[in-house]
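Q: Once you've had a glance at the structure underneath, I'll fire off some questions.
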Amino acid sequence: MKFETKFNINDHVWYIKNNKVTEVSISAIEIFYVNTNQDRIKYNAKNITNSVSWLDHINLFEDTLFKSKEELLLSL
(Lines give C-alpha, C1' and ligand atoms only; values in the text may rest on other atoms or scores of the structure.)
Protein backbone atom coordinates (compact mmCIF):
# COMPACT_ATOMS: atom_id res chain seq x y z
CA MET A 1 0.00 0.00 0.00
CA LYS A 2 1.27 3.46 -0.86
CA PHE A 3 0.52 6.57 1.21
CA GLU A 4 1.04 10.08 -0.10
CA THR A 5 1.54 12.96 2.28
CA LYS A 6 1.33 16.68 1.68
CA PHE A 7 4.71 17.23 3.36
CA ASN A 8 7.97 15.31 3.75
CA ILE A 9 10.59 15.06 6.48
CA ASN A 10 12.64 18.30 6.77
CA ASP A 11 10.06 20.39 4.88
CA HIS A 12 9.55 23.83 6.38
CA VAL A 13 5.88 24.53 7.05
CA TRP A 14 3.80 27.25 8.67
CA TYR A 15 0.93 27.05 11.14
CA ILE A 16 -0.69 29.11 13.89
CA LYS A 17 0.28 28.41 17.50
CA ASN A 18 -1.01 30.57 20.35
CA ASN A 19 -2.30 33.11 17.81
CA LYS A 20 1.17 33.49 16.28
CA VAL A 21 2.31 32.44 12.82
CA THR A 22 5.05 29.83 13.37
CA GLU A 23 7.52 28.20 11.00
CA VAL A 24 8.70 24.68 11.84
CA SER A 25 10.52 21.77 10.20
CA ILE A 26 8.74 18.41 9.81
CA SER A 27 10.60 15.78 11.88
CA ALA A 28 8.18 12.80 11.83
CA ILE A 29 5.07 11.61 10.02
CA GLU A 30 2.47 9.33 11.61
CA ILE A 31 -0.12 7.57 9.46
CA PHE A 32 -3.17 6.03 11.12
CA TYR A 33 -5.01 3.91 8.56
CA VAL A 34 -7.91 1.57 9.32
CA ASN A 35 -9.88 2.16 6.10
CA THR A 36 -12.61 4.18 7.84
CA ASN A 37 -13.40 7.84 8.42
CA GLN A 38 -10.89 7.65 11.30
CA ASP A 39 -7.90 7.63 8.93
CA ARG A 40 -5.48 10.51 9.48
CA ILE A 41 -1.98 11.77 8.88
CA LYS A 42 -0.22 13.62 11.70
CA TYR A 43 3.11 15.38 11.76
CA ASN A 44 5.61 16.20 14.47
CA ALA A 45 7.95 19.11 13.96
CA LYS A 46 10.92 20.88 15.47
CA ASN A 47 11.73 24.55 15.73
CA ILE A 48 13.80 26.00 12.90
CA THR A 49 16.16 27.60 15.44
CA ASN A 50 16.78 26.68 19.06
CA SER A 51 15.15 23.28 18.74
CA VAL A 52 14.94 21.33 21.99
CA SER A 53 13.90 18.06 20.36
CA TRP A 54 12.33 16.62 17.23
CA LEU A 55 9.06 16.80 19.20
CA ASP A 56 8.92 20.56 19.76
CA HIS A 57 5.48 20.54 18.07
CA ILE A 58 3.30 17.41 18.08
CA ASN A 59 0.00 16.27 16.56
CA LEU A 60 -0.04 18.68 13.64
CA PHE A 61 -2.63 17.83 11.00
CA GLU A 62 -2.31 18.45 7.25
CA ASP A 63 -5.23 20.85 7.11
CA THR A 64 -3.54 23.18 9.63
CA LEU A 65 -0.13 23.26 7.90
CA PHE A 66 0.86 25.43 4.96
CA LYS A 67 3.86 25.56 2.60
CA SER A 68 4.30 29.31 2.98
CA LYS A 69 3.39 32.12 5.32
CA GLU A 70 1.43 33.78 2.53
CA GLU A 71 -0.60 30.62 1.91
CA LEU A 72 -1.44 30.44 5.62
CA LEU A 73 -2.51 34.09 5.76
CA LEU A 74 -4.71 33.67 2.67
CA SER A 75 -6.51 30.78 4.37
CA LEU A 76 -7.74 33.00 7.22
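By convention here, the chains of the C-alpha coordinates are called A, B, ... in the order presented, each chain's residues are numbered starting at 1, and ligands are numbered starting at 1 in the order presented.
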Using DSSP secondary structure from the backbone, list all alpha helix (DSSP H) positions within chain A, as a list in words.

A: Lys69, Glu70, Glu71, Leu72, Leu73, Leu74 and Ser75 of chain A

Q: With only C-alpha atoms as the counted atoms, please give the residues lying no more than 9 Å from range 50-58 of chain A, apart from itself and same-chain residues fewer than 2 positions off, as a PyMOL selection string.

A: chain A and resi 24-28+42-48+60

Q: From the set A:Asp39, A:Leu74, A:Ile31, A:Phe66, which residue has the shortest atom-to-atom contact distance to Phe3 in chain A, counting only C-alpha atoms?

A: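 Distance minimum relative to Phe3 in chain A lands on A:Ile31.
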
Q: If I take CA of Asn18 in chain A and CA of Thr64 in chain A, how far is one from the other in Å, to one decimal?

A: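 So the two atoms, CA of Asn18 in chain A and CA of Thr64 in chain A, lie 13.3 Å apart.
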